[in-house]
>>> print(open('run18.cif').read())   # mmCIF, C-alpha atoms
data_model
loop_
_atom_site.label_atom_id
_atom_site.label_comp_id
_atom_site.auth_asym_id
_atom_site.auth_seq_id
_atom_site.Cartn_x
_atom_site.Cartn_y
_atom_site.Cartn_z
CA MET A 195 125.37 97.82 58.72
CA ARG A 196 125.88 100.41 61.44
CA ARG A 197 128.84 99.55 63.69
CA LEU A 198 128.32 99.89 67.45
CA VAL A 199 131.02 99.24 70.05
CA GLU A 200 129.83 97.75 73.34
CA SER A 201 132.26 98.03 76.29
CA VAL A 202 131.85 95.06 78.64
CA PHE A 203 133.58 93.18 81.44
CA VAL A 204 131.70 89.96 80.59
CA PRO A 205 129.22 89.83 77.69
CA PRO A 206 125.71 90.07 79.19
CA ALA A 207 123.23 87.32 78.39
CA ALA A 208 120.90 89.60 76.41
CA SER A 209 123.77 90.69 74.17
CA VAL A 210 124.93 87.09 73.68
CA ILE A 211 121.43 86.08 72.59
CA ALA A 212 120.97 89.15 70.36
CA GLY A 213 124.14 88.27 68.51
CA ARG A 214 123.57 84.53 68.19
CA ARG A 215 119.89 84.81 67.21
CA GLY A 216 120.52 87.53 64.62
CA PHE A 217 118.62 90.32 66.37
CA PHE A 218 121.47 92.81 66.02
CA ALA A 219 121.72 92.11 62.30
CA LYS A 220 117.94 92.40 61.95
CA HIS A 221 118.18 95.95 63.28
CA GLY A 222 121.05 96.83 60.98
CA LEU A 223 123.81 96.59 63.56
CA GLU A 224 127.26 95.09 63.71
CA VAL A 225 127.92 95.01 67.46
CA VAL A 226 131.59 94.77 68.40
CA GLN A 227 132.32 93.88 72.00
CA SER A 228 135.28 95.61 73.62
CA PRO A 229 136.36 93.70 76.75
CA VAL A 230 137.76 95.96 79.46
CA ALA A 231 140.00 95.20 82.42
CA SER A 232 138.79 97.97 84.73
CA SER A 233 136.09 100.60 85.22
CA ARG A 234 138.73 103.27 84.57
CA GLN A 235 139.35 101.78 81.13
CA GLN A 236 135.62 101.62 80.53
CA LEU A 237 135.18 105.30 81.40
CA ASP A 238 138.08 106.20 79.11
CA GLU A 239 136.51 104.26 76.23
CA LEU A 240 133.21 106.08 76.66
CA MET A 241 134.67 109.56 77.05
CA SER A 242 137.10 109.12 74.14
CA GLY A 243 134.38 107.84 71.84
CA ARG A 244 136.01 104.44 71.31
CA ALA A 245 132.89 102.83 72.79
CA ASP A 246 129.31 103.81 71.99
CA VAL A 247 127.74 102.13 75.02
CA ALA A 248 128.98 100.35 78.12
CA VAL A 249 127.41 97.71 80.34
CA THR A 250 128.42 98.59 83.87
CA ALA A 251 127.39 98.96 87.50
CA THR A 252 124.99 101.88 87.96
CA ASP A 253 127.00 103.03 90.98
CA ASN A 254 129.92 103.86 88.68
CA LEU A 255 127.96 106.81 87.29
CA LEU A 256 127.75 108.46 90.70
CA VAL A 257 131.54 108.74 90.76
CA TRP A 258 132.05 109.34 87.05
CA ASN A 259 129.45 112.09 86.71
CA GLY A 260 130.51 113.56 90.04
CA SER A 261 133.87 114.14 88.33
CA GLY A 262 132.31 115.89 85.34
CA ALA A 263 131.33 113.12 82.90
CA ASP A 264 128.10 113.46 80.90
CA LEU A 265 126.97 109.84 81.12
CA ALA A 266 123.43 108.54 81.51
CA VAL A 267 121.64 105.23 81.93
CA VAL A 268 119.89 104.45 78.65
CA GLY A 269 118.85 100.86 79.39
CA GLN A 270 119.33 97.81 81.57
CA VAL A 271 120.34 94.21 80.86
CA ASP A 272 118.96 92.67 84.04
CA ALA A 273 116.48 93.62 86.75
CA THR A 274 119.04 92.99 89.46
CA THR A 275 122.64 91.83 89.58
CA GLU A 276 123.04 88.60 91.54
CA LEU A 277 126.39 89.40 93.10
CA VAL A 278 128.18 86.67 95.02
CA LEU A 279 131.05 86.98 97.50
CA LEU A 280 133.36 84.25 96.24
CA LEU A 281 136.19 82.86 98.37
CA ARG A 282 139.39 81.39 96.94
CA PRO A 283 139.96 77.62 96.93
CA GLY A 284 140.92 76.40 100.39
CA LEU A 285 139.12 79.21 102.22
CA VAL A 286 135.78 78.18 103.73
CA ARG A 287 134.89 81.29 105.74
CA PRO A 288 136.23 84.87 105.79
CA GLU A 289 137.10 84.50 109.47
CA ASP A 290 139.54 81.71 108.61
CA VAL A 291 142.11 84.41 107.81
CA GLY A 292 143.15 87.31 110.00
CA VAL A 293 143.20 90.07 107.38
CA LEU A 294 141.10 89.18 104.34
CA ARG A 295 142.53 90.26 100.97
CA LEU A 296 139.49 91.70 99.17
CA ALA A 297 139.90 92.18 95.41
CA VAL A 298 137.99 95.09 93.82
CA ASP A 299 137.91 96.86 90.48
CA ALA A 300 138.16 100.38 91.87
CA PRO A 301 138.17 101.13 95.60
CA THR A 302 135.62 103.97 95.50
CA ASN A 303 132.91 102.87 93.08
CA GLY A 304 130.96 100.02 91.53
CA PHE A 305 130.66 96.71 93.33
CA ALA A 306 133.35 97.67 95.87
CA VAL A 307 130.66 99.48 97.88
CA VAL A 308 128.66 96.23 98.05
CA ALA A 309 131.76 94.30 99.13
CA TYR A 310 132.44 96.78 101.94
CA SER A 311 128.82 96.49 103.07
CA MET A 312 129.18 92.71 103.16
CA MET A 313 132.30 93.03 105.29
CA GLU A 314 130.41 95.28 107.71
CA HIS A 315 127.51 92.83 107.76
CA LEU A 316 129.97 90.08 108.70
CA GLY A 317 131.36 92.18 111.52
CA ARG A 318 134.71 92.91 109.87
CA ASP A 319 135.88 96.51 110.18
CA ARG A 320 138.40 98.11 107.82
CA SER A 321 141.33 96.74 109.82
CA ALA A 322 140.10 93.18 109.17
CA TYR A 323 140.43 93.32 105.38
CA GLU A 324 142.89 94.68 102.84
CA VAL A 325 141.53 96.20 99.63
CA LEU A 326 143.40 95.10 96.51
CA GLU A 327 142.73 97.11 93.34
CA VAL A 328 142.90 94.27 90.83
CA GLY A 329 140.62 95.25 87.94
CA GLY A 330 137.56 93.83 86.23
CA VAL A 331 135.74 90.66 87.12
CA ALA A 332 137.95 88.39 84.99
CA GLN A 333 141.09 89.77 86.63
CA ARG A 334 139.58 89.44 90.11
CA PHE A 335 138.54 85.87 89.42
CA GLU A 336 142.09 85.01 88.36
CA ALA A 337 143.37 86.57 91.59
CA LEU A 338 141.31 83.99 93.48
CA VAL A 339 142.59 81.20 91.25
CA ASP A 340 146.25 82.08 91.82
CA GLY A 341 145.72 82.83 95.51
CA THR A 342 146.79 86.48 95.46
CA ALA A 343 143.34 87.47 96.77
CA ASP A 344 141.02 85.78 99.27
CA ALA A 345 137.63 87.10 98.17
CA THR A 346 135.85 89.14 95.53
CA LEU A 347 132.41 89.79 94.08
CA VAL A 348 131.35 88.04 90.87
CA ALA A 349 128.14 87.36 88.98
CA ALA A 350 126.99 84.59 86.64
CA PRO A 351 128.58 82.63 85.10
CA LEU A 352 131.77 83.09 87.16
CA ASP A 353 130.13 82.09 90.44
CA GLU A 354 129.30 78.67 89.02
CA ILE A 355 132.68 78.30 87.33
CA GLY A 356 134.42 79.22 90.58
CA GLN A 357 132.49 76.67 92.62
CA SER A 358 133.44 74.00 90.11
CA GLN A 359 137.07 74.90 90.87
CA GLY A 360 136.75 74.61 94.64
CA MET A 361 135.72 78.16 95.49
CA VAL A 362 133.00 78.94 98.03
CA ALA A 363 129.99 81.17 97.31
CA PHE A 364 129.80 82.59 100.82
CA MET A 365 127.31 85.46 100.59
CA ARG A 366 124.93 87.08 98.12
CA VAL A 367 123.90 90.69 97.65
CA ARG A 368 120.30 89.83 98.52
CA ASP A 369 121.54 88.99 102.01
CA ILE A 370 122.18 92.68 102.68
CA VAL A 371 119.89 94.59 100.32
CA SER A 372 116.46 93.80 98.90
CA ALA A 373 116.63 95.47 95.48
CA TYR A 374 120.12 96.05 94.16
CA PRO A 375 119.91 97.52 90.63
CA GLY A 376 120.94 95.45 87.66
CA LEU A 377 123.73 96.28 85.24
CA ALA A 378 123.08 99.47 83.33
CA ILE A 379 123.58 100.32 79.68
CA VAL A 380 125.38 103.66 79.67
CA ALA A 381 126.07 106.25 76.96
CA ARG A 382 127.23 109.83 76.77
CA ARG A 383 124.45 112.41 76.64
CA SER A 384 126.44 114.37 74.05
CA LYS A 385 126.38 111.31 71.79
CA LEU A 386 122.63 111.03 72.18
CA ASP A 387 122.32 114.75 71.40
CA ARG A 388 123.85 114.07 67.98
CA SER A 389 122.08 110.82 67.18
CA VAL A 390 120.05 108.29 69.12
CA THR A 391 119.42 105.99 66.15
CA GLY A 392 122.24 103.52 66.74
CA VAL A 393 121.60 103.18 70.47
CA ALA A 394 117.85 102.85 69.81
CA SER A 395 118.51 99.97 67.37
CA TYR A 396 120.79 98.34 69.94
CA LEU A 397 118.09 98.54 72.63
CA ALA A 398 115.45 97.20 70.24
CA ALA A 399 117.64 94.15 69.48
CA LEU A 400 118.25 93.52 73.19
CA GLU A 401 114.52 93.80 73.84
CA GLU A 402 113.90 91.05 71.28
CA ALA A 403 116.57 88.93 72.96
CA VAL A 404 114.90 89.31 76.36
CA HIS A 405 111.51 88.39 74.92
CA TRP A 406 113.03 85.35 73.19
CA CYS A 407 114.58 84.18 76.46
CA ARG A 408 111.22 84.42 78.17
CA ALA A 409 109.35 82.53 75.44
CA ALA A 410 111.86 79.91 74.25
CA PRO A 411 112.21 76.43 75.74
CA LEU A 412 114.76 76.29 78.54
CA ILE A 413 116.89 73.79 76.59
CA ASP A 414 117.23 76.29 73.72
CA VAL A 415 118.14 79.17 76.03
CA GLY A 416 120.66 76.96 77.78
CA ALA A 417 122.24 75.95 74.49
CA GLU A 418 122.67 79.53 73.32
CA LEU A 419 124.07 80.79 76.63
CA GLY A 420 126.17 77.68 77.11
CA SER A 421 128.16 78.74 74.08
CA ALA A 422 129.29 81.77 76.09
CA GLY A 423 130.23 79.79 79.19
CA PHE A 424 126.96 79.93 81.10
CA GLY A 425 126.36 76.70 82.99
CA PRO A 426 122.94 75.40 84.15
CA SER A 427 122.95 77.41 87.39
CA ALA A 428 124.05 80.55 85.58
CA VAL A 429 121.28 80.13 83.00
CA LYS A 430 118.79 79.80 85.85
CA ALA A 431 120.15 83.01 87.43
CA VAL A 432 119.90 84.84 84.10
CA LEU A 433 116.27 83.86 83.64
CA ALA A 434 115.46 84.84 87.24
CA THR A 435 116.88 88.34 86.77
CA LEU A 436 115.67 89.15 83.24
CA PRO A 437 114.09 92.60 83.12
CA ILE A 438 110.55 93.00 81.83
CA SER A 439 112.06 95.47 79.38
CA VAL A 440 115.57 96.78 78.67
CA ALA A 441 114.20 100.33 78.93
CA PRO A 442 115.98 102.23 81.72
CA SER A 443 114.60 101.97 85.24
CA ASP A 444 115.36 103.77 88.49
CA ALA A 445 114.44 100.70 90.56
CA GLY A 446 117.07 100.12 93.20
CA PHE A 447 118.71 103.54 92.89
CA ALA A 448 117.77 104.40 96.48
CA GLN A 449 119.60 101.26 97.59
CA LEU A 450 122.85 102.60 96.10
CA ILE A 451 122.65 105.67 98.28
CA ALA A 452 121.72 103.59 101.34
CA LEU A 453 124.72 101.30 100.83
CA ARG A 454 127.08 104.25 100.48
CA ARG A 455 125.75 105.79 103.66
CA ARG A 456 126.15 102.47 105.47
CA VAL A 457 129.89 102.40 104.73
CA ASP A 458 130.39 106.18 105.01
CA MET A 459 131.12 106.65 101.30
CA THR A 460 128.66 109.36 100.28
CA ILE A 461 129.94 111.49 97.39
CA PRO A 462 129.81 115.27 97.87
CA GLY A 463 128.33 116.86 94.77
CA ALA A 464 127.29 113.55 93.22
CA PRO A 465 124.21 113.73 90.97
CA ASP A 466 120.88 112.51 92.25
CA PRO A 467 120.77 108.93 90.90
CA ASN A 468 117.19 109.48 89.79
CA ARG A 469 118.50 112.16 87.40
CA LEU A 470 120.90 109.77 85.68
CA ILE A 471 118.34 108.34 83.26
CA ASP A 472 118.02 109.44 79.64
CA THR A 473 114.99 107.89 77.90
CA ARG A 474 115.51 109.23 74.39
CA ALA A 475 116.96 106.04 72.88
CA ALA A 476 114.38 103.82 74.56
CA ALA A 477 111.60 106.10 73.30
CA ALA A 478 113.02 106.02 69.77
CA ALA A 479 113.07 102.21 69.99
CA GLY A 480 109.38 102.21 70.95
CA LEU A 481 110.04 100.73 74.38
CA LEU A 482 108.26 103.36 76.47
CA ARG A 483 104.66 104.12 77.19
CA PRO A 484 103.76 107.71 76.20
CA HIS A 485 104.09 109.13 79.73
CA GLN A 486 107.55 107.57 80.09
CA GLY A 487 109.08 109.49 77.22
CA GLU A 488 110.49 112.40 79.19
CA VAL A 489 114.24 112.93 79.45
CA ASN A 490 115.82 113.23 82.88
CA VAL A 491 118.75 115.64 82.90
#
>>> encode(input="run18.cif", output="structure tokens")
Amino acid sequence: MRRLVESVFVPPAASVIAGRRGFFAKHGLEVVQSPVASSRQQLDELMSGRADVAVTATDNLLVWNGSGADLAVVGQVDATTELVLLLRPGLVRPEDVGVLRLAVDAPTNGFAVVAYSMMEHLGRDRSAYEVLEVGGVAQRFEALVDGTADATLVAAPLDEIGQSQGMVAFMRVRDIVSAYPGLAIVARRSKLDRSVTGVASYLAALEEAVHWCRAAPLIDVGAELGSAGFGPSAVKAVLATLPISVAPSDAGFAQLIALRRRVDMTIPGAPDPNRLIDTRAAAAAGLLRPHQGEVNV
């Protein structure tokens, strides 16, 4: 078995299914998930070689590669990320507090840009909210639970878990943008230069997992995902955002730039997001049509 380390905040549905249904093993892989507490830790794992791939927000690459990293999007685990602005128990609306304590992973990248856009959409300028650098989604969720933060962005299944604990799902990313990109599968280009075989096998297993989710009875999908903490609403969200293929896509990249412009957070010298895709692993896995096999560099 080839060992592959997957850096994640929360295990994505496709990876959960690929493990439980034996698709990773079928493709000769032992996939080890490495939970991270922040995007900084995730970047460190990738650059040090401790992780082979990472599942992360596409926006992170704009900052990471702008600082000299050699990372590329090699796949996707969902067509869009259904981000939810979750409020702590006891808080019904953001305006119920004077200065909202907004928990983020990192203040300059990832979902923080979406959170700032939501604040602007709600008419709250920077003086009306305080940015708390808390860490990954699990850490931010706990900050709502213990009351040290008032709001943060989460995705399934934490939105459903939070609502069961008295939290309020106040706003969704689709309220401000029509096509926010889904979570990306990221790897170093230098790693792909040496060997794409392991990443290709990983993508092939995820592709089988996505196809199984589309074809299997809902009760079976729910049972498999339920083992990882996905409730009925979260399972519904997963099925609604499944990609047609886990091959990399540039859909929604333009929205990242538009959001950054909206909150005055453009990155001087950042790479064109459309040049962040590397298709070599997807091509090796047989996931691309012939004309899609080029490598963007």
>>> residues_around(input="run18.cif", residues="range 350-361 of chain A", least_positions_apart="3", cutoff="9 Å", atoms="all atoms listed in the file", output="PyMOL selection string")
chain A and resi 275-286+331-332+335+338-339+347+423-429+431-432
>>> residues_around(input="run18.cif", residues="range 304-313 of chain A", least_positions_apart="5", cutoff="8 Å", atoms="only C-alpha atoms", output="VMD selection string")
chain A and resid 251 to 254 279 298 to 299 318 to 319 346 to 347 365 367 370 453 to 454 456 to 457 459
>>> closest_residue(input="run18.cif", among="A:Pro206, A:Arg366, A:Gly341, A:Lys385", to="Leu240 in chain A", atoms="only C-alpha atoms")
A:Lys385
>>> atom_distance(input="run18.cif", atom1="CA of Ala343 in chain A", atom2="CA of Val271 in chain A")
28.8 Å
>>> residues_around(input="run18.cif", residues="Arg383 in chain A", least_positions_apart="2", cutoff="9 Å", atoms="only C-alpha atoms", output="list in words")
Asp264, Leu265, Ala266, Ala381, Lys385, Leu386, Asp387, Arg388 and Asp472 of chain A
>>> residues_around(input="run18.cif", residues="range 213-217 of chain A", least_positions_apart="4", cutoff="7 Å", atoms="only C-alpha atoms", output="PyMOL selection string")
chain A and resi 209+221+399+402
>>> residues_around(input="run18.cif", residues="range 198-202 of chain A", least_positions_apart="4", cutoff="8 Å", atoms="all atoms listed in the file", output="PyMOL selection string")
chain A and resi 206+223-230+236+239+244-250+392
>>> write_last_selection(input="run18.cif", atoms="C-alpha atoms", output="CSV table (one decimal), keeping the file's coordinate frame")
chain,number,residue,atom,x,y,z
A,206,PRO,CA,125.7,90.1,79.2
A,223,LEU,CA,123.8,96.6,63.6
A,224,GLU,CA,127.3,95.1,63.7
A,225,VAL,CA,127.9,95.0,67.5
A,226,VAL,CA,131.6,94.8,68.4
A,227,GLN,CA,132.3,93.9,72.0
A,228,SER,CA,135.3,95.6,73.6
A,229,PRO,CA,136.4,93.7,76.8
A,230,VAL,CA,137.8,96.0,79.5
A,236,GLN,CA,135.6,101.6,80.5
A,239,GLU,CA,136.5,104.3,76.2
A,244,ARG,CA,136.0,104.4,71.3
A,245,ALA,CA,132.9,102.8,72.8
A,246,ASP,CA,129.3,103.8,72.0
A,247,VAL,CA,127.7,102.1,75.0
A,248,ALA,CA,129.0,100.4,78.1
A,249,VAL,CA,127.4,97.7,80.3
A,250,THR,CA,128.4,98.6,83.9
A,392,GLY,CA,122.2,103.5,66.7
>>> atom_distance(input="run18.cif", atom1="CA of Asp444 in chain A", atom2="CA of Lys430 in chain A")
24.4 Å
>>> axis_aligned_box(input="run18.cif", around="range 442-449 of chain A", padding_each_side="4 Å", output="JSON")
{"center_x": 117.0, "center_y": 102.3, "center_z": 89.7, "size_x": 13.2, "size_y": 12.3, "size_z": 23.9}
>>> resolve_selection(input="run18.cif", expression="the PyMOL selection byres ((chain A and resi 441) around 8)", output="list in words")
Val268, Gly269, Gln270, Leu397, Ser439, Val440, Pro442, Ser443, Thr473, Ala476, Leu481 and Leu482 of chain A
>>> atom_distance(input="run18.cif", atom1="CA of Asn468 in chain A", atom2="CA of Ile438 in chain A")
19.5 Å
>>> build_atoms(input="run18.cif", residues="range 427-445 of chain A", atoms="N, CA and C atoms", output="mmCIF file, in the coordinates of the input")
data_model
loop_
_atom_site.group_PDB
_atom_site.id
_atom_site.type_symbol
_atom_site.label_atom_id
_atom_site.label_comp_id
_atom_site.auth_asym_id
_atom_site.auth_seq_id
_atom_site.Cartn_x
_atom_site.Cartn_y
_atom_site.Cartn_z
ATOM 1 N N SER A 427 123.314 76.501 86.309
ATOM 2 C CA SER A 427 122.950 77.410 87.390
ATOM 3 C C SER A 427 122.989 78.857 86.936
ATOM 4 N N ALA A 428 123.949 79.185 86.091
ATOM 5 C CA ALA A 428 124.050 80.550 85.580
ATOM 6 C C ALA A 428 122.867 80.878 84.680
ATOM 7 N N VAL A 429 122.448 79.919 83.856
ATOM 8 C CA VAL A 429 121.280 80.130 83.000
ATOM 9 C C VAL A 429 120.047 80.375 83.872
ATOM 10 N N LYS A 430 119.913 79.616 84.935
ATOM 11 C CA LYS A 430 118.790 79.800 85.850
ATOM 12 C C LYS A 430 118.823 81.193 86.468
ATOM 13 N N ALA A 431 120.013 81.668 86.844
ATOM 14 C CA ALA A 431 120.150 83.010 87.430
ATOM 15 C C ALA A 431 119.798 84.084 86.403
ATOM 16 N N VAL A 432 120.222 83.882 85.161
ATOM 17 C CA VAL A 432 119.900 84.840 84.100
ATOM 18 C C VAL A 432 118.396 84.967 83.936
ATOM 19 N N LEU A 433 117.714 83.839 83.845
ATOM 20 C CA LEU A 433 116.270 83.860 83.640
ATOM 21 C C LEU A 433 115.547 84.475 84.831
ATOM 22 N N ALA A 434 116.097 84.289 86.034
ATOM 23 C CA ALA A 434 115.460 84.840 87.240
ATOM 24 C C ALA A 434 115.614 86.346 87.333
ATOM 25 N N THR A 435 116.623 86.901 86.649
ATOM 26 C CA THR A 435 116.880 88.340 86.770
ATOM 27 C C THR A 435 116.616 89.100 85.469
ATOM 28 N N LEU A 436 115.995 88.453 84.483
ATOM 29 C CA LEU A 436 115.670 89.150 83.240
ATOM 30 C C LEU A 436 114.741 90.330 83.530
ATOM 31 N N PRO A 437 115.016 91.484 82.944
ATOM 32 C CA PRO A 437 114.090 92.600 83.120
ATOM 33 C C PRO A 437 112.829 92.383 82.282
ATOM 34 N N ILE A 438 111.756 93.027 82.666
ATOM 35 C CA ILE A 438 110.550 93.000 81.830
ATOM 36 C C ILE A 438 110.837 93.691 80.506
ATOM 37 N N SER A 439 111.631 94.739 80.570
ATOM 38 C CA SER A 439 112.060 95.470 79.380
ATOM 39 C C SER A 439 113.470 95.980 79.620
ATOM 40 N N VAL A 440 114.233 96.209 78.540
ATOM 41 C CA VAL A 440 115.570 96.780 78.670
ATOM 42 C C VAL A 440 115.516 98.303 78.768
ATOM 43 N N ALA A 441 114.320 98.895 78.718
ATOM 44 C CA ALA A 441 114.200 100.330 78.930
ATOM 45 C C ALA A 441 114.758 100.692 80.298
ATOM 46 N N PRO A 442 115.349 101.879 80.449
ATOM 47 C CA PRO A 442 115.980 102.230 81.720
ATOM 48 C C PRO A 442 114.969 102.318 82.861
ATOM 49 N N SER A 443 115.440 101.961 84.051
ATOM 50 C CA SER A 443 114.600 101.970 85.240
ATOM 51 C C SER A 443 115.387 102.556 86.400
ATOM 52 N N ASP A 444 114.695 103.243 87.294
ATOM 53 C CA ASP A 444 115.360 103.770 88.490
ATOM 54 C C ASP A 444 115.170 102.852 89.691
ATOM 55 N N ALA A 445 114.630 101.651 89.466
ATOM 56 C CA ALA A 445 114.440 100.700 90.560
ATOM 57 C C ALA A 445 115.786 100.356 91.191
#
